[in-house]
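Student: Following this line is entry16.cif, made up of mmCIF, C-alpha atoms:
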```cif
data_input
loop_
_atom_site.label_atom_id
_atom_site.label_comp_id
_atom_site.auth_asym_id
_atom_site.auth_seq_id
_atom_site.Cartn_x
_atom_site.Cartn_y
_atom_site.Cartn_z
CA MET A 1 125.70 -5.81 -152.42
CA ALA A 2 122.40 -4.31 -153.46
CA SER A 3 120.58 -7.34 -152.11
CA ASP A 4 122.34 -6.94 -148.72
CA ALA A 5 121.27 -3.28 -148.51
CA ASP A 6 117.69 -4.21 -149.41
CA ALA A 7 117.65 -6.88 -146.73
CA LYS A 8 118.93 -4.43 -144.13
CA ARG A 9 116.30 -1.85 -145.07
CA GLU A 10 113.60 -4.48 -144.84
CA GLN A 11 114.83 -5.73 -141.45
CA ASP A 12 114.81 -2.27 -139.85
CA ALA A 13 111.42 -1.26 -141.21
CA PRO A 14 108.67 -0.89 -138.56
CA THR A 15 106.34 -3.87 -138.44
CA THR A 16 102.62 -3.31 -139.05
CA VAL A 17 100.37 -5.58 -136.99
CA ALA A 18 97.38 -6.76 -138.96
CA GLY A 19 94.07 -5.73 -137.44
CA ALA A 20 95.59 -3.32 -134.89
CA SER A 21 93.00 -0.91 -133.50
CA SER A 22 93.20 2.76 -134.47
CA SER A 23 92.33 3.62 -130.88
CA ARG A 24 95.91 2.80 -129.92
CA ALA A 25 97.11 5.58 -132.19
CA SER A 26 94.63 8.01 -130.67
CA ASP A 27 95.78 7.02 -127.19
CA ALA A 28 99.36 7.81 -128.23
CA ASP A 29 98.24 11.20 -129.55
CA ALA A 30 96.54 11.97 -126.25
CA LYS A 31 99.66 10.96 -124.33
CA ARG A 32 101.86 13.25 -126.39
CA GLU A 33 99.48 16.13 -125.88
CA GLN A 34 98.88 15.75 -122.15
CA ASP A 35 101.56 18.01 -120.71
CA ALA A 36 101.57 20.54 -123.54
CA PRO A 37 101.31 24.20 -122.46
CA THR A 38 98.23 26.21 -123.39
CA THR A 39 97.98 26.59 -127.16
CA VAL A 40 99.37 29.87 -128.49
CA ALA A 41 97.75 31.34 -131.57
CA GLY A 42 99.87 30.80 -134.66
CA ALA A 43 102.19 28.25 -133.03
CA SER A 44 103.21 25.26 -135.11
CA SER A 45 101.40 22.16 -133.83
CA SER A 46 104.00 19.86 -135.43
CA ARG A 47 106.90 21.54 -133.57
CA ALA A 48 104.98 21.41 -130.28
CA SER A 49 104.18 17.73 -130.80
CA ASP A 50 107.84 16.88 -131.48
CA SER A 51 108.91 18.72 -128.33
CA ILE A 52 106.31 16.96 -126.18
CA ARG A 53 107.33 13.53 -127.46
CA GLU A 54 110.96 14.15 -126.48
CA GLN A 55 110.28 15.90 -123.17
CA ASP A 56 107.67 13.52 -121.79
CA ALA A 57 109.07 10.16 -122.85
CA PRO A 58 108.21 7.81 -119.97
CA THR A 59 111.04 6.61 -117.76
CA THR A 60 111.11 3.67 -115.40
CA LEU A 61 111.42 4.77 -111.78
CA PRO A 62 112.60 2.70 -108.83
CA LYS A 63 110.11 1.33 -106.33
CA THR A 64 108.54 3.83 -103.95
CA PRO A 65 110.29 4.66 -100.65
CA LEU A 66 109.42 2.82 -97.47
CA TRP A 67 107.94 5.82 -95.66
CA GLU A 68 104.35 6.16 -96.87
CA TYR A 69 102.77 8.77 -94.58
CA PHE A 70 103.52 11.91 -92.58
CA ASN A 71 107.00 11.68 -91.08
CA PRO A 72 107.39 13.82 -87.93
CA ARG A 73 111.19 13.43 -88.12
CA SER A 74 111.49 14.74 -91.66
CA GLU A 75 111.55 18.31 -92.96
CA ILE A 76 108.30 19.84 -94.22
CA ASP A 77 108.14 22.25 -97.13
CA ILE A 78 105.41 24.77 -96.31
CA ARG A 79 104.28 26.38 -99.55
CA ALA A 80 102.04 29.41 -99.13
CA GLY A 81 99.29 29.41 -101.73
CA GLY A 82 96.95 32.26 -102.51
CA ASN A 83 94.51 31.45 -99.69
CA LEU A 84 95.86 28.49 -97.73
CA PRO A 85 99.11 26.84 -96.66
CA HIS A 86 100.27 23.65 -98.35
CA TRP A 87 102.49 21.14 -96.58
CA GLU A 88 104.74 19.00 -98.75
CA GLN A 89 107.01 16.20 -97.59
CA GLY A 90 108.19 14.50 -100.73
CA ASN A 91 107.13 10.94 -101.53
CA VAL A 92 104.26 10.47 -99.10
CA TRP A 93 100.52 10.06 -99.67
CA TYR A 94 98.37 13.18 -100.15
CA PHE A 95 94.60 13.53 -100.16
CA VAL A 96 93.78 16.15 -102.80
CA THR A 97 90.53 17.84 -103.80
CA PHE A 98 90.37 20.20 -106.77
CA ARG A 99 87.20 21.80 -108.09
CA LEU A 100 85.74 23.57 -111.09
CA ALA A 101 85.96 27.35 -110.90
CA ASP A 102 82.17 27.80 -110.80
CA ALA A 103 81.50 25.08 -108.20
CA LEU A 104 80.98 27.58 -105.35
CA PRO A 105 79.10 30.90 -105.41
CA ALA A 106 81.28 34.01 -105.30
CA SER A 107 79.73 35.10 -101.99
CA VAL A 108 80.65 31.78 -100.33
CA VAL A 109 84.18 31.92 -101.73
CA LEU A 110 84.59 35.46 -100.34
CA GLU A 111 83.33 34.41 -96.91
CA LEU A 112 85.72 31.46 -96.76
CA LYS A 113 88.57 33.65 -97.93
CA GLN A 114 87.93 36.21 -95.17
CA GLN A 115 87.71 33.52 -92.49
CA ARG A 116 90.89 31.87 -93.70
CA ALA A 117 92.67 35.23 -93.77
CA TYR A 118 91.79 35.82 -90.13
CA TRP A 119 92.97 32.32 -89.18
CA LYS A 120 96.26 32.89 -90.99
CA GLN A 121 96.80 36.21 -89.20
CA THR A 122 96.47 34.50 -85.84
CA HIS A 123 98.85 31.62 -86.63
CA ASN A 124 102.49 31.38 -87.62
CA LEU A 125 102.32 29.71 -91.03
CA GLU A 126 106.05 29.07 -91.01
CA ALA A 127 105.84 26.96 -87.86
CA LEU A 128 102.43 25.28 -87.86
CA THR A 129 102.09 22.22 -85.67
CA ALA A 130 100.31 19.08 -86.78
CA GLU A 131 97.49 19.94 -84.38
CA GLU A 132 97.07 23.41 -85.89
CA LEU A 133 96.96 21.99 -89.39
CA GLU A 134 94.34 19.50 -88.25
CA GLU A 135 92.33 22.40 -86.80
CA TYR A 136 92.59 24.23 -90.11
CA HIS A 137 91.20 21.28 -92.06
CA LYS A 138 88.32 20.81 -89.64
CA LEU A 139 87.39 24.49 -89.85
CA PHE A 140 87.65 24.84 -93.60
CA SER A 141 88.20 21.60 -95.51
CA GLU A 142 85.21 19.77 -94.06
CA ARG A 143 82.93 22.74 -94.67
CA TYR A 144 84.37 23.10 -98.16
CA GLU A 145 83.50 19.45 -98.88
CA LYS A 146 79.88 19.92 -97.81
CA LEU A 147 79.53 22.97 -100.04
CA LEU A 148 80.95 21.12 -103.03
CA HIS A 149 78.58 18.22 -102.58
CA ALA A 150 75.67 20.65 -102.88
CA GLY A 151 76.35 20.48 -106.65
CA GLY A 152 76.82 24.14 -107.53
CA GLY A 153 77.85 25.46 -110.93
CA ALA A 154 77.48 23.95 -114.40
CA CYS A 155 78.82 20.57 -113.20
CA LEU A 156 80.67 19.90 -116.47
CA LEU A 157 82.17 16.71 -115.06
CA ARG A 158 78.74 15.11 -115.07
CA GLU A 159 79.17 14.63 -118.83
CA SER A 160 80.75 11.27 -119.57
CA ALA A 161 83.12 12.65 -122.22
CA ASN A 162 84.54 15.22 -119.78
CA THR A 163 84.82 12.59 -117.06
CA GLN A 164 86.87 10.41 -119.40
CA ILE A 165 89.23 13.30 -120.17
CA VAL A 166 89.94 13.79 -116.48
CA ALA A 167 90.21 10.06 -115.76
CA GLY A 168 92.68 9.63 -118.61
CA ALA A 169 94.80 12.52 -117.37
CA LEU A 170 94.95 11.06 -113.86
CA ARG A 171 96.05 7.65 -115.14
CA PHE A 172 98.48 8.88 -117.77
CA PHE A 173 101.66 9.13 -115.66
CA ASN A 174 100.55 6.69 -112.96
CA ASP A 175 103.54 4.61 -111.75
CA GLN A 176 105.90 6.96 -113.60
CA ARG A 177 105.62 10.39 -111.96
CA TYR A 178 103.25 9.40 -109.17
CA GLN A 179 101.25 6.53 -107.72
CA LEU A 180 97.47 6.67 -107.50
CA ASP A 181 95.25 4.98 -104.95
CA GLU A 182 91.52 5.77 -104.76
CA THR A 183 90.14 8.50 -107.04
CA ILE A 184 86.67 9.75 -107.83
CA ILE A 185 85.39 12.35 -110.28
CA MET A 186 82.31 14.16 -108.99
CA PRO A 187 80.11 16.52 -111.07
CA ASN A 188 82.06 19.63 -109.98
CA HIS A 189 85.19 18.37 -108.22
CA VAL A 190 87.75 15.56 -108.02
CA HIS A 191 89.13 13.58 -105.07
CA VAL A 192 92.52 11.87 -105.41
CA LEU A 193 94.86 9.89 -103.18
CA VAL A 194 98.27 10.38 -104.79
CA LYS A 195 101.92 9.85 -103.90
CA PRO A 196 104.62 11.63 -105.95
CA LEU A 197 107.50 9.44 -107.11
CA LYS A 198 111.18 10.29 -107.13
CA ASP A 199 111.75 14.05 -107.66
CA ASN A 200 108.25 14.91 -108.86
CA ARG A 201 106.41 17.50 -106.75
CA LEU A 202 102.72 17.54 -105.95
CA VAL A 203 102.31 21.13 -107.18
CA ASP A 204 103.68 20.18 -110.61
CA ILE A 205 101.52 17.06 -110.84
CA LEU A 206 98.38 19.08 -110.10
CA HIS A 207 99.36 21.75 -112.62
CA SER A 208 99.81 19.08 -115.31
CA TRP A 209 96.38 17.56 -114.63
CA LYS A 210 94.59 20.89 -114.60
CA SER A 211 96.35 22.40 -117.61
CA PHE A 212 95.78 19.42 -119.88
CA THR A 213 92.17 18.77 -118.88
CA ALA A 214 91.24 22.46 -119.08
CA ASN A 215 92.53 22.67 -122.65
CA GLN A 216 90.76 19.47 -123.67
CA ILE A 217 87.41 20.20 -122.01
CA ASN A 218 87.35 23.82 -123.23
CA ARG A 219 88.09 22.62 -126.74
CA ARG A 220 85.37 20.00 -126.57
CA THR A 221 82.73 22.36 -125.14
CA GLN A 222 83.87 25.29 -127.34
CA GLN A 223 84.50 27.44 -124.29
CA SER A 224 87.45 29.47 -123.10
CA GLY A 225 88.75 30.89 -119.87
CA GLN A 226 89.36 29.43 -116.44
CA LEU A 227 87.99 25.91 -115.90
CA TRP A 228 89.54 24.92 -112.55
CA GLN A 229 89.90 26.86 -109.33
CA HIS A 230 93.61 27.74 -109.14
CA GLU A 231 94.23 26.37 -105.66
CA SER A 232 93.54 22.84 -104.52
CA TYR A 233 92.89 21.43 -101.06
CA ASP A 234 95.62 18.98 -100.18
CA HIS A 235 97.01 17.49 -97.02
CA ILE A 236 99.47 14.78 -96.06
CA VAL A 237 97.92 11.50 -94.95
CA ARG A 238 99.07 11.12 -91.35
CA HIS A 239 99.04 7.34 -90.88
CA GLU A 240 97.61 4.06 -92.15
CA ASN A 241 94.32 4.41 -90.26
CA ALA A 242 93.79 7.82 -91.88
CA MET A 243 94.54 6.26 -95.27
CA HIS A 244 91.82 3.66 -94.75
CA ALA A 245 89.34 6.34 -93.61
CA ILE A 246 90.02 8.49 -96.70
CA ARG A 247 89.67 5.47 -98.98
CA GLY A 248 86.29 4.76 -97.40
CA TYR A 249 85.21 8.38 -97.81
CA ILE A 250 86.12 8.37 -101.52
CA ARG A 251 84.38 5.06 -102.18
CA GLU A 252 81.17 6.26 -100.52
CA ASN A 253 80.88 9.32 -102.78
#
```
Show me the file's structure as structure tokens.
Tutor:
Amino acid sequence: MASDADAKREQDAPTTVAGASSSRASDADAKREQDAPTTVAGASSSRASDSIREQDAPTTLPKTPLWEYFNPRSEIDIRAGGNLPHWEQGNVWYFVTFRLADALPASVVLELKQQRAYWKQTHNLEALTAEELEEYHKLFSERYEKLLHAGGGACLLRESANTQIVAGALRFFNDQRYQLDETIIMPNHVHVLVKPLKDNRLVDILHSWKSFTANQINRRTQQSGQLWQHESYDHIVRHENAMHAIRGYIREN
């Protein structure tokens, strides 16, 4: 009987692969840490790690729905952010830009905020038409892009190590919580084509990316405080031609 018990213990023991790279272990550590909340002084890192492993265990999701782009026959969730409206329509493609907090001068941010406030006062944000939303993006998003490409701020994403942190965060839940298309990490901002999967919401996906990368980059650079601008620019891709145009824009950056 003792020999049977020994055999069972030996059979169920985890197998060690000879020559396996230690980088795989570090990748697993990074995955467990990705969606952890901001570190609280005195908190037990072992308890947090156990919780993250259970909470964020990957699950296999069904294939993405047939409707890929803006659906004029479907309901739109209009979420009012601090400065701009956000349209959400579930599992469709979004073009998202999020930037470092210091990417634009305070005076420029104030000017944009005042202009947006006036635009919002003259429009019904609860019943915006597609044409009005297009007008909004032409007035503000395109100008915003030009300002970002001027390269303001410390441009922390120019450092390869910081770029890798962001790239890893974007890829981490790809094909689980969302699907990625083209992405690019610029010195002070990020462009992403992303489609949420199943019940995952864009706002939660963005929060996960920003929270994890802010903690990691601040730790690496021995800094603290706000890394990313709280709000992001995002809009629903309207049709396949628009998707191709956005892909081209990202690739040319």
Student: What is the distance, in Å and to one decimal place, between atom CA of A:Val166 and atom CA of A:Thr213?
Tutor: 6.0 Å
Student: One number please: atom CA of A:Leu170 to atom CA of A:Thr183, in Å, one decimal.
Tutor: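 Pair atom CA of A:Leu170 / atom CA of A:Thr183 returns 8.7 Å.
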Student: Given the choices A:Trp228, A:Pro105, A:Lys195, A:Gly152, which gets closest to A:Phe212 if the distance is worked out from all atoms listed in the file?
Tutor: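 Smallest separation from A:Phe212 among the options: A:Trp228.
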Student: Output as AutoDock Vina command-line options the centre and edge lengths (Å, one decimal) of the box along x, y and z of the file that holds every listed atom of stretch 109-126 of chain A after adding 3 Å on each side.
Tutor:
```
--center_x 94.7 --center_y 32.6 --center_z -93.8 --size_x 28.7 --size_y 13.1 --size_z 21.9
```
Student: Applied to this file, what does the PyMOL selection byres ((chain A and resi 229) around 10) return in terms of residues, put as a PDB file with C-alpha atoms, in the frame of the given file?
Tutor:
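Resulting contents of selection_13.pdb:
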```pdb
ATOM      1  CA  PHE A  98      90.370  20.200-106.770  1.00  0.00           C
ATOM      2  CA  ARG A  99      87.200  21.800-108.090  1.00  0.00           C
ATOM      3  CA  LEU A 100      85.740  23.570-111.090  1.00  0.00           C
ATOM      4  CA  ALA A 101      85.960  27.350-110.900  1.00  0.00           C
ATOM      5  CA  ASP A 102      82.170  27.800-110.800  1.00  0.00           C
ATOM      6  CA  ALA A 103      81.500  25.080-108.200  1.00  0.00           C
ATOM      7  CA  LEU A 104      80.980  27.580-105.350  1.00  0.00           C
ATOM      8  CA  HIS A 189      85.190  18.370-108.220  1.00  0.00           C
ATOM      9  CA  LYS A 210      94.590  20.890-114.600  1.00  0.00           C
ATOM     10  CA  GLN A 226      89.360  29.430-116.440  1.00  0.00           C
ATOM     11  CA  LEU A 227      87.990  25.910-115.900  1.00  0.00           C
ATOM     12  CA  TRP A 228      89.540  24.920-112.550  1.00  0.00           C
ATOM     13  CA  HIS A 230      93.610  27.740-109.140  1.00  0.00           C
ATOM     14  CA  GLU A 231      94.230  26.370-105.660  1.00  0.00           C
ATOM     15  CA  SER A 232      93.540  22.840-104.520  1.00  0.00           C
TER      16      SER A 232
END
```
Student: Just say which residues the PyMOL selection byres ((chain A and resi 197) around 7) picks in this file, as JSON, numbers by chain.
Tutor: {"A": [64, 91, 177, 178, 179, 195, 196, 198, 199, 200]}
Student: Could you state the separation of atom CA of A:Ile165 and atom CA of A:Phe140 in Å, given to one decimal place?
Tutor: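 Spanning atom CA of A:Ile165 to atom CA of A:Phe140 is a straight-line distance of 29.0 Å.
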Student: Please provide the set of residues having any atom within 9 Å of A:Val194, restricted to all atoms listed in the file, with same-chain residues fewer than 4 positions apart removed, written as a list in words.
Tutor: Val92, Trp93, Tyr94, Phe95, Val96, Tyr178, Gln179, Leu180, Asp181, Glu182, Thr183 and Leu202 of chain A
Student: Write out as a list in words which residues come within 9 Å of A:Asn162 when counting all atoms listed in the file, dropping same-chain ones fewer than 3 positions away.
Tutor: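 So, after excluding close chain neighbours, the residues are Leu156, Leu157, Arg158, Glu159, Ile165, Val166, Ala167, Thr213, Gln216, Ile217 and Arg220 of chain A.
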Student: Would you write out, as a list in words, every residue that the PyMOL selection byres ((chain A and resi 250) around 8) captures in this file?
Tutor: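 Going through the file, the PyMOL selection byres ((chain A and resi 250) around 8) ends up selecting Glu182, Thr183, Ile184, His191, Ile246, Arg247, Gly248, Tyr249, Arg251, Glu252 and Asn253 of chain A.
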Student: I'd like the contact shell of A:Tyr136 - 10 Å cut-off, all atoms listed in the file, skipping same-chain residues fewer than 2 positions apart - returned as a list in words.
Tutor: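 Within the cut-off, the hits are Leu84, Pro85, Arg116, Trp119, Lys120, Ala130, Glu131, Glu132, Leu133, Glu134, Lys138, Leu139, Phe140, Ser141 and Glu142 of chain A.
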